[in-house]
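Novice: Got a structure for you, coords_11.txt, holding compact mmCIF, C-alpha atoms and all ligand atoms.
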```txt
# COMPACT_ATOMS: atom_id res chain seq x y z
CA MET T 551 1.55 -12.87 10.51
CA LYS T 552 -0.14 -13.33 7.10
CA SER T 553 1.82 -11.42 4.42
CA TRP T 554 0.47 -8.68 2.15
CA VAL T 555 0.99 -8.47 -1.60
CA VAL T 556 -0.39 -5.22 -3.02
CA GLY T 557 -0.45 -4.37 -6.73
CA ASN T 558 -0.41 -0.69 -7.64
CA TRP T 559 -1.57 -0.42 -11.24
CA LYS T 560 -0.91 3.34 -11.38
CA LEU T 561 -2.32 4.82 -14.63
CA ASN T 562 -2.66 1.38 -16.27
CA PRO T 563 -4.03 -0.41 -18.20
CA ALA T 564 -5.23 1.94 -20.93
CA SER T 565 -8.59 0.32 -21.65
CA VAL T 566 -11.59 -1.27 -19.94
CA LYS T 567 -10.98 -4.37 -22.04
CA GLU T 568 -7.45 -4.78 -20.71
CA VAL T 569 -8.64 -4.21 -17.15
CA GLN T 570 -11.22 -6.96 -17.63
CA ALA T 571 -8.57 -9.36 -18.96
CA LEU T 572 -6.13 -8.62 -16.13
CA VAL T 573 -8.72 -9.08 -13.37
CA ASP T 574 -10.11 -12.23 -15.02
CA ASN T 575 -6.63 -13.71 -15.20
CA LEU T 576 -5.92 -12.82 -11.58
CA VAL T 577 -9.21 -14.25 -10.35
CA ASP T 578 -8.74 -17.45 -12.38
CA GLY T 579 -5.17 -17.82 -11.11
CA VAL T 580 -6.13 -17.32 -7.47
CA SER T 581 -9.22 -19.55 -7.71
CA ALA T 582 -7.20 -22.37 -9.27
CA GLN T 583 -4.80 -22.43 -6.31
CA SER T 584 -6.89 -20.91 -3.54
CA ASP T 585 -5.25 -23.13 -0.91
CA ILE T 586 -1.88 -21.49 -1.64
CA PHE T 587 -3.14 -17.95 -1.93
CA GLN T 588 -5.17 -18.14 1.28
CA ALA T 589 -1.83 -17.82 3.04
CA CYS T 590 -1.42 -14.16 2.04
CA HIS T 591 -3.60 -11.10 1.56
CA ILE T 592 -3.78 -10.06 -2.09
CA VAL T 593 -4.79 -6.47 -2.83
CA ILE T 594 -5.05 -4.67 -6.18
CA ALA T 595 -5.25 -0.91 -6.77
CA PRO T 596 -6.63 -0.04 -10.21
CA CYS T 597 -7.02 3.57 -11.30
CA VAL T 598 -10.16 5.12 -9.86
CA LEU T 599 -11.98 5.11 -13.20
CA HIS T 600 -11.85 1.31 -13.15
CA VAL T 601 -12.67 0.79 -9.49
CA SER T 602 -16.38 0.00 -9.97
CA GLN T 603 -15.67 -2.39 -12.83
CA VAL T 604 -13.07 -4.28 -10.77
CA SER T 605 -15.26 -4.13 -7.67
CA ASP T 606 -18.15 -5.81 -9.51
CA ILE T 607 -15.92 -8.68 -10.60
CA LEU T 608 -14.34 -9.13 -7.17
CA GLU T 609 -17.70 -8.97 -5.41
CA ARG T 610 -18.80 -11.99 -7.39
CA LYS T 611 -15.65 -13.83 -6.22
CA GLN T 612 -16.04 -12.86 -2.60
CA GLY T 613 -12.94 -12.42 -0.51
CA LEU T 614 -10.39 -13.71 -3.03
CA ILE T 615 -8.74 -10.37 -3.70
CA GLN T 616 -9.15 -7.07 -1.87
CA LEU T 617 -9.61 -3.74 -3.60
CA ALA T 618 -7.60 -0.56 -3.01
CA CYS T 619 -7.58 2.88 -4.59
CA GLN T 620 -4.50 4.98 -5.30
CA ASP T 621 -5.67 8.16 -3.57
CA VAL T 622 -8.49 9.66 -1.50
CA SER T 623 -9.74 13.18 -0.89
CA ALA T 624 -7.96 15.26 1.73
CA LEU T 625 -10.85 17.73 1.71
CA THR T 626 -13.76 15.71 3.01
CA ALA T 627 -14.59 12.20 4.18
CA THR T 628 -18.06 12.35 2.66
CA SER T 629 -19.39 14.61 -0.14
CA GLY T 630 -19.55 18.29 -1.08
CA ALA T 631 -18.32 20.98 -3.46
CA TYR T 632 -14.85 19.57 -4.18
CA THR T 633 -14.58 19.25 -7.96
CA GLY T 634 -12.52 16.30 -9.11
CA ASP T 635 -12.10 14.70 -5.68
CA ILE T 636 -13.22 11.24 -4.56
CA SER T 637 -14.06 10.67 -0.93
CA ALA T 638 -13.44 7.83 1.49
CA GLN T 639 -17.20 7.39 1.82
CA GLN T 640 -17.67 7.04 -1.96
CA LEU T 641 -14.79 4.59 -2.17
CA ARG T 642 -16.18 2.45 0.66
CA ASP T 643 -19.57 2.51 -1.05
CA SER T 644 -17.92 1.17 -4.22
CA GLY T 645 -16.38 -1.80 -2.40
CA VAL T 646 -12.91 -0.33 -1.82
CA GLU T 647 -11.20 -1.50 1.37
CA TRP T 648 -7.85 0.31 1.22
CA ALA T 649 -6.44 3.67 0.13
CA ILE T 650 -2.80 4.05 -0.88
CA ILE T 651 -1.62 7.44 0.34
CA GLY T 652 1.72 9.22 0.22
CA HIS T 653 3.04 7.36 -2.83
CA SER T 654 6.26 9.07 -3.95
CA GLU T 655 4.72 9.89 -7.33
CA ARG T 656 1.89 11.76 -5.63
CA ARG T 657 4.33 13.46 -3.25
CA GLN T 658 6.40 14.53 -6.27
CA TYR T 659 3.77 15.42 -8.88
CA CYS T 660 0.79 16.40 -6.71
CA HIS T 661 2.71 17.94 -3.79
CA GLU T 662 1.09 15.63 -1.26
CA ASP T 663 2.53 16.73 2.09
CA ASN T 664 2.12 15.68 5.71
CA THR T 665 -0.81 18.07 6.24
CA ALA T 666 -2.76 16.55 3.35
CA LEU T 667 -1.79 13.04 4.45
CA LEU T 668 -3.01 13.65 7.98
CA ASN T 669 -6.39 14.80 6.60
CA LYS T 670 -6.54 11.75 4.36
CA MET T 671 -5.80 9.42 7.29
CA ASN T 672 -8.51 11.05 9.37
CA HIS T 673 -11.05 10.74 6.55
CA CYS T 674 -10.13 7.11 5.94
CA ALA T 675 -10.52 6.29 9.64
CA ASP T 676 -13.84 8.13 9.69
CA GLN T 677 -15.15 5.81 6.96
CA ASP T 678 -13.34 2.66 8.12
CA LEU T 679 -11.24 2.67 4.94
CA GLY T 680 -7.82 1.07 5.48
CA VAL T 681 -4.65 3.09 4.86
CA ILE T 682 -1.52 1.98 3.04
CA LEU T 683 0.92 4.77 3.86
CA CYS T 684 3.95 4.93 1.54
CA ILE T 685 7.19 6.37 2.81
CA GLY T 686 10.70 6.40 1.40
CA GLU T 687 13.80 8.45 0.77
CA SER T 688 15.01 9.88 -2.56
CA GLU T 689 18.31 8.85 -4.10
CA ALA T 690 19.99 12.09 -2.95
CA GLU T 691 18.72 11.54 0.61
CA TYR T 692 19.93 7.94 0.51
CA GLU T 693 23.36 9.02 -0.67
CA ALA T 694 23.51 11.70 2.02
CA ASP T 695 22.74 9.00 4.62
CA ARG T 696 19.49 10.73 5.58
CA THR T 697 17.12 7.76 5.21
CA THR T 698 16.08 7.45 8.85
CA GLN T 699 15.60 11.22 9.24
CA VAL T 700 13.36 11.32 6.18
CA LEU T 701 11.35 8.31 7.32
CA ALA T 702 10.97 9.74 10.83
CA ASP T 703 9.51 12.92 9.34
CA GLN T 704 7.14 10.99 7.06
CA LEU T 705 6.06 8.75 9.95
CA SER T 706 5.26 11.76 12.12
CA VAL T 707 1.92 11.80 10.28
CA VAL T 708 1.02 8.58 12.08
CA GLU T 709 1.99 10.10 15.42
CA ASP T 710 -0.12 13.21 14.70
CA PHE T 711 -3.00 11.01 13.57
CA LEU T 712 -2.88 9.12 16.86
CA GLN T 713 -2.76 12.30 18.90
CA GLN T 714 -5.66 13.95 17.08
CA SER T 715 -7.88 10.97 16.55
CA ASN T 716 -8.73 9.83 20.04
CA LYS T 717 -11.85 8.24 18.58
CA VAL T 718 -9.89 5.77 16.41
CA SER T 719 -10.57 2.26 17.66
CA ALA T 720 -7.87 -0.21 18.59
CA ASP T 721 -9.47 -2.49 16.00
CA TYR T 722 -8.90 0.07 13.24
CA LEU T 723 -5.30 0.62 14.35
CA SER T 724 -4.59 -3.10 14.45
CA ASN T 725 -6.25 -4.07 11.18
CA LYS T 726 -6.48 -1.06 8.88
CA LEU T 727 -2.99 0.37 8.70
CA LEU T 728 -0.12 -0.83 6.51
CA ILE T 729 3.17 0.96 5.98
CA ALA T 730 4.97 0.54 2.65
CA TYR T 731 8.66 1.43 2.67
CA GLU T 732 9.54 2.40 -0.90
CA PRO T 733 12.96 3.92 -1.52
CA VAL T 734 12.17 6.33 -4.37
CA TRP T 735 15.35 5.34 -6.23
CA ALA T 736 14.17 1.71 -6.36
CA ILE T 737 10.74 2.42 -7.88
CA GLY T 738 10.56 1.35 -11.51
CA THR T 739 14.36 1.43 -11.87
CA GLY T 740 15.38 -2.21 -11.42
CA LYS T 741 17.74 -1.09 -8.60
CA VAL T 742 16.97 -2.85 -5.35
CA PRO T 743 18.46 -2.43 -1.89
CA SER T 744 19.78 -5.60 -0.25
CA VAL T 745 17.33 -7.61 1.83
CA GLN T 746 19.53 -6.84 4.85
CA ASP T 747 19.29 -3.09 4.22
CA VAL T 748 15.49 -3.28 3.87
CA THR T 749 15.31 -5.40 7.02
CA ASN T 750 17.31 -2.79 8.95
CA VAL T 751 15.06 0.01 7.73
CA HIS T 752 11.95 -2.00 8.63
CA LYS T 753 13.36 -2.51 12.12
CA PHE T 754 13.68 1.26 12.45
CA ILE T 755 10.10 1.79 11.18
CA ARG T 756 8.72 -0.84 13.54
CA GLU T 757 10.49 0.67 16.56
CA ARG T 758 9.25 4.11 15.60
CA LEU T 759 5.64 2.94 15.25
CA GLN T 760 5.82 1.11 18.55
CA SER T 761 7.08 4.26 20.27
CA PHE T 762 3.87 6.02 19.12
CA ASP T 763 1.51 3.34 20.41
CA SER T 764 1.96 -0.26 21.50
CA THR T 765 -0.98 -1.27 19.22
CA LEU T 766 1.30 -0.52 16.27
CA ALA T 767 3.81 -3.19 17.31
CA THR T 768 2.20 -5.53 14.80
CA THR T 769 1.50 -3.06 11.96
CA PRO T 770 2.59 -4.80 8.75
CA VAL T 771 5.57 -3.11 7.07
CA LEU T 772 5.83 -3.81 3.33
CA TYR T 773 8.70 -3.21 0.95
CA GLY T 774 8.21 -1.67 -2.52
CA GLY T 775 10.59 -0.94 -5.38
CA SER T 776 11.35 -3.16 -8.40
CA VAL T 777 9.97 -6.31 -6.80
CA LYS T 778 9.83 -9.10 -9.39
CA PRO T 779 9.18 -12.84 -9.27
CA GLU T 780 12.99 -13.31 -9.38
CA ASN T 781 13.70 -11.39 -6.14
CA ALA T 782 10.41 -11.88 -4.24
CA LYS T 783 11.58 -15.03 -2.43
CA ASP T 784 14.60 -13.18 -1.00
CA PHE T 785 12.39 -10.43 0.46
CA ALA T 786 9.86 -12.99 1.70
CA ALA T 787 12.61 -14.74 3.67
CA SER T 788 13.03 -11.77 6.03
CA GLU T 789 10.82 -11.89 9.13
CA LEU T 790 10.64 -8.11 9.16
CA ILE T 791 9.36 -7.77 5.59
CA ASN T 792 5.64 -8.41 5.93
CA GLY T 793 4.80 -8.13 2.26
CA VAL T 794 5.40 -6.06 -0.84
CA LEU T 795 3.90 -3.21 -2.85
CA VAL T 796 4.37 -4.02 -6.51
CA GLY T 797 4.12 -1.64 -9.49
CA GLY T 798 5.29 -2.85 -12.91
CA ALA T 799 5.17 -6.57 -12.10
CA ALA T 800 1.54 -6.24 -10.95
CA LEU T 801 0.39 -5.58 -14.51
CA LYS T 802 0.78 -9.20 -15.59
CA ALA T 803 -1.28 -11.75 -13.67
CA ASP T 804 1.44 -14.41 -13.88
CA SER T 805 4.23 -12.28 -12.46
CA PHE T 806 2.02 -10.78 -9.75
CA LEU T 807 0.79 -14.20 -8.65
CA ASP T 808 4.34 -15.60 -8.69
CA ILE T 809 5.26 -12.82 -6.25
CA ALA T 810 2.18 -13.63 -4.14
CA LYS T 811 3.23 -17.28 -4.11
CA ALA T 812 6.63 -16.33 -2.68
CA PHE T 813 4.80 -14.65 0.22
CA SER T 814 2.24 -17.43 0.73
CA LYS T 815 4.09 -19.27 3.46
C1 LIG T 901 5.45 1.44 -6.90
O1 LIG T 901 5.20 2.29 -7.75
O2 LIG T 901 4.89 1.50 -5.80
C2 LIG T 901 6.40 0.41 -7.22
C3 LIG T 901 6.87 -0.31 -6.25
O3 LIG T 901 6.75 0.26 -8.55
P1 LIG T 901 7.75 -0.86 -9.17
O4 LIG T 901 7.39 -2.19 -8.56
O5 LIG T 901 7.48 -0.82 -10.63
O6 LIG T 901 9.12 -0.45 -8.80
```
Would you kindly transcribe this structure into structure tokens?

Specialist:
Amino acid sequence: MKSWVVGNWKLNPASVKEVQALVDNLVDGVSAQSDIFQACHIVIAPCVLHVSQVSDILERKQGLIQLACQDVSALTATSGAYTGDISAQQLRDSGVEWAIIGHSERRQYCHEDNTALLNKMNHCADQDLGVILCIGESEAEYEADRTTQVLADQLSVVEDFLQQSNKVSADYLSNKLLIAYEPVWAIGTGKVPSVQDVTNVHKFIRERLQSFDSTLATTPVLYGGSVKPENAKDFAASELINGVLVGGAALKADSFLDIAKAFSK
């Protein structure tokens, strides 16, 4: 299975000029060693204000790097009177292929819950926009040994999605769903779980997905949380870690591409 390396830029960089420089550096780096980088999928998620700018650059460099957004409307798949929202249809029209949903920061600050996530998944499927569903336990839940319970609850959105969306094609299920396991306590903290611990959690996630539908037996499961060039090789060595979601280290082309190299096997 080809690995996935996804960069979540969050609310960065601060200016159009810096966005331009970061994308140019990424495109130059990937083009210079395209034989290496062909071995993994590279995805970047700028903030929505910069999506069109990044899309224009990537369109000219067809297929090198895929484009994701960091959120999508739960209210509609298309258009309407929903001030401030951005729909799956509009994102697709702007060249976006993936939507990150359920990131712990959005769960925490924007109260994104399973009901909203289910709507988002349905809207994404409606517009053939891929979903990167983030799940993960908090530090308190980890310490209370509740990780699998928390993940089972968060994954129930996928089960509900499958039950409700009988029109979702097998092709969509096989190619447009990624799960990112991100322990909240590892995000931006420099604390990382051991590769063995992540592998065990991924095994649980994979079994759970498979129990919903056999098509999900091959759904890529990514790890996220303080991934850096220094630890990427260790994560890449595990068969059950199909890629990474990267925050801080995605904001420098060199470090992001070093991580991608570790997954380009
Ligand atoms: C993230 O926010 O999804 C993330 C993984 O951040 P970081 O790599 O900075 O821990």

Novice: In terms of the shortest atom-to-atom distance over only C-alpha atoms and all ligand atoms, which of T:Lys815, T:Arg657, T:His752, T:Lys560 is closest to ligand LIG 901 (chain T)?

Specialist: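 Looking only at the distances to ligand LIG 901 (chain T), the closest residue turns out to be T:Lys560.
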
Novice: Using only C-alpha atoms, determine which residues lie at most 8 Å from Tyr722 in chain T, disregarding the query and same-chain residues fewer than 3 positions distant; provide the list as a ChimeraX atom specification.

Specialist: /T:675,678,680,718-719,725-727

Novice: Which protein, DNA or RNA residues have an atom within 10 Å of ligand LIG 901 (chain T), counting all atoms listed in the file, as number ranges by chain?

Specialist: T: 556-560, 650, 653-655, 684, 730-742, 773-778, 794-801

Novice: Which value, in Å to one decimal, gives the distance between CA of Gln588 in chain T and CA of Glu780 in chain T?

Specialist: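 Pair CA of Gln588 in chain T / CA of Glu780 in chain T returns 21.6 Å.
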
Novice: Need the shell around Leu617 in chain T: protein/DNA/RNA residues with any atom at most 7 Å away, counting all atoms listed in the file. Skip same-chain ones fewer than 6 positions apart. Format as a list in words?

Specialist: Val593, Ile594, Ala595, Ser605, Val646, Glu647 and Trp648 of chain T

Novice: Take the residues that were just selected and, keeping C-alpha atoms, output them as a PDB file, in the coordinates of the input.

Specialist:
```
ATOM      1  CA  VAL T 593      -4.790  -6.470  -2.830  1.00  0.00           C
ATOM      2  CA  ILE T 594      -5.050  -4.670  -6.180  1.00  0.00           C
ATOM      3  CA  ALA T 595      -5.250  -0.910  -6.770  1.00  0.00           C
ATOM      4  CA  SER T 605     -15.260  -4.130  -7.670  1.00  0.00           C
ATOM      5  CA  VAL T 646     -12.910  -0.330  -1.820  1.00  0.00           C
ATOM      6  CA  GLU T 647     -11.200  -1.500   1.370  1.00  0.00           C
ATOM      7  CA  TRP T 648      -7.850   0.310   1.220  1.00  0.00           C
TER       8      TRP T 648
END
```

Novice: Could you name the residues that touch Gly652 in chain T at 8 Å or less, counting all atoms listed in the file, but leaving out those on the same chain fewer than 6 positions away, as a PyMOL selection string?

Specialist: chain T and resi 662-663+667+683-685

Novice: Quote the spacing between CA of Val604 in chain T and CA of Ser581 in chain T in Å to one decimal place.

Specialist: 16.0 Å

Novice: Using only C-alpha atoms, which of T:Val708, T:Ile586, T:Ala702, T:Ala803 sits nearest Ile755 in chain T?

Specialist: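 Among the listed residues, the smallest separation from Ile755 in chain T belongs to T:Ala702.
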
Novice: Quick one: pull the distance between CA of Ala624 in chain T and CA of Asn669 in chain T, Å, one decimal.

Specialist: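 One can read the CA of Ala624 in chain T to CA of Asn669 in chain T distance as 5.1 Å.
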
Novice: Of the residues T:Cys619, T:Val566, T:Leu701, T:Leu576, which is the one nearest to Phe806 in chain T, using only C-alpha atoms?

Specialist: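 Using only C-alpha atoms, Phe806 in chain T sits closest to T:Leu576.
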
Novice: Taking 2 positions as the minimum chain separation for residues in the same chain, which residues sit within 12 Å of Asp747 in chain T when counting all atoms listed in the file? Answer as an mmCIF file with C-alpha atoms, in the coordinates of the input.

Specialist:
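Saved to out_23.cif:
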```
data_model
loop_
_atom_site.group_PDB
_atom_site.id
_atom_site.type_symbol
_atom_site.label_atom_id
_atom_site.label_comp_id
_atom_site.auth_asym_id
_atom_site.auth_seq_id
_atom_site.Cartn_x
_atom_site.Cartn_y
_atom_site.Cartn_z
ATOM 1 C CA TYR T 692 19.930 7.940 0.510
ATOM 2 C CA THR T 697 17.120 7.760 5.210
ATOM 3 C CA THR T 698 16.080 7.450 8.850
ATOM 4 C CA TYR T 731 8.660 1.430 2.670
ATOM 5 C CA PRO T 733 12.960 3.920 -1.520
ATOM 6 C CA VAL T 742 16.970 -2.850 -5.350
ATOM 7 C CA PRO T 743 18.460 -2.430 -1.890
ATOM 8 C CA SER T 744 19.780 -5.600 -0.250
ATOM 9 C CA VAL T 745 17.330 -7.610 1.830
ATOM 10 C CA THR T 749 15.310 -5.400 7.020
ATOM 11 C CA ASN T 750 17.310 -2.790 8.950
ATOM 12 C CA VAL T 751 15.060 0.010 7.730
ATOM 13 C CA HIS T 752 11.950 -2.000 8.630
ATOM 14 C CA LYS T 753 13.360 -2.510 12.120
ATOM 15 C CA PHE T 754 13.680 1.260 12.450
ATOM 16 C CA TYR T 773 8.700 -3.210 0.950
ATOM 17 C CA PHE T 785 12.390 -10.430 0.460
ATOM 18 C CA SER T 788 13.030 -11.770 6.030
ATOM 19 C CA LEU T 790 10.640 -8.110 9.160
ATOM 20 C CA ILE T 791 9.360 -7.770 5.590
#
```

Novice: Which one is closest to Val681 in chain T: T:Asn781, T:Gln620, T:Gln699, T:Asn575? Count all atoms listed in the file.

Specialist: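 Closest candidate: T:Gln620.
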
Novice: Assuming 4 Å of padding per side, give the centre and edge lengths of the axis-aligned box around every listed atom of range 556-561 of chain T, in Å to one decimal and as JSON.

Specialist:
```
{"center_x": -1.4, "center_y": -0.2, "center_z": -8.8, "size_x": 9.9, "size_y": 18.0, "size_z": 19.6}
```

Novice: For Arg656 in chain T, which residue out of T:Ala694, T:Leu712, T:Ala787, T:Val622 is the nearest one, using all atoms listed in the file?

Specialist: T:Val622

Novice: Which of these, T:Gln746, T:Ser644, T:Thr768, T:Gln677, has the shortest distance to Asp606 in chain T once you count all atoms listed in the file?

Specialist: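 Going through T:Gln746, T:Ser644, T:Thr768, T:Gln677 one by one, the smallest distance to Asp606 in chain T is for T:Ser644.
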
Novice: What residues have an atom no more than 10 Å from (0.4, -2.4, 17.2) in the file's own frame, counting all atoms listed in the file, and can you write them as a PDB file with C-alpha atoms, in the coordinates of the input?

Specialist:
```pdb
ATOM      1  CA  ALA T 720      -7.870  -0.210  18.590  1.00  0.00           C
ATOM      2  CA  ASP T 721      -9.470  -2.490  16.000  1.00  0.00           C
ATOM      3  CA  LEU T 723      -5.300   0.620  14.350  1.00  0.00           C
ATOM      4  CA  SER T 724      -4.590  -3.100  14.450  1.00  0.00           C
ATOM      5  CA  ASN T 725      -6.250  -4.070  11.180  1.00  0.00           C
ATOM      6  CA  LEU T 727      -2.990   0.370   8.700  1.00  0.00           C
ATOM      7  CA  ARG T 756       8.720  -0.840  13.540  1.00  0.00           C
ATOM      8  CA  LEU T 759       5.640   2.940  15.250  1.00  0.00           C
ATOM      9  CA  GLN T 760       5.820   1.110  18.550  1.00  0.00           C
ATOM     10  CA  SER T 761       7.080   4.260  20.270  1.00  0.00           C
ATOM     11  CA  PHE T 762       3.870   6.020  19.120  1.00  0.00           C
ATOM     12  CA  ASP T 763       1.510   3.340  20.410  1.00  0.00           C
ATOM     13  CA  SER T 764       1.960  -0.260  21.500  1.00  0.00           C
ATOM     14  CA  THR T 765      -0.980  -1.270  19.220  1.00  0.00           C
ATOM     15  CA  LEU T 766       1.300  -0.520  16.270  1.00  0.00           C
ATOM     16  CA  ALA T 767       3.810  -3.190  17.310  1.00  0.00           C
ATOM     17  CA  THR T 768       2.200  -5.530  14.800  1.00  0.00           C
ATOM     18  CA  THR T 769       1.500  -3.060  11.960  1.00  0.00           C
ATOM     19  CA  PRO T 770       2.590  -4.800   8.750  1.00  0.00           C
TER      20      PRO T 770
END
```
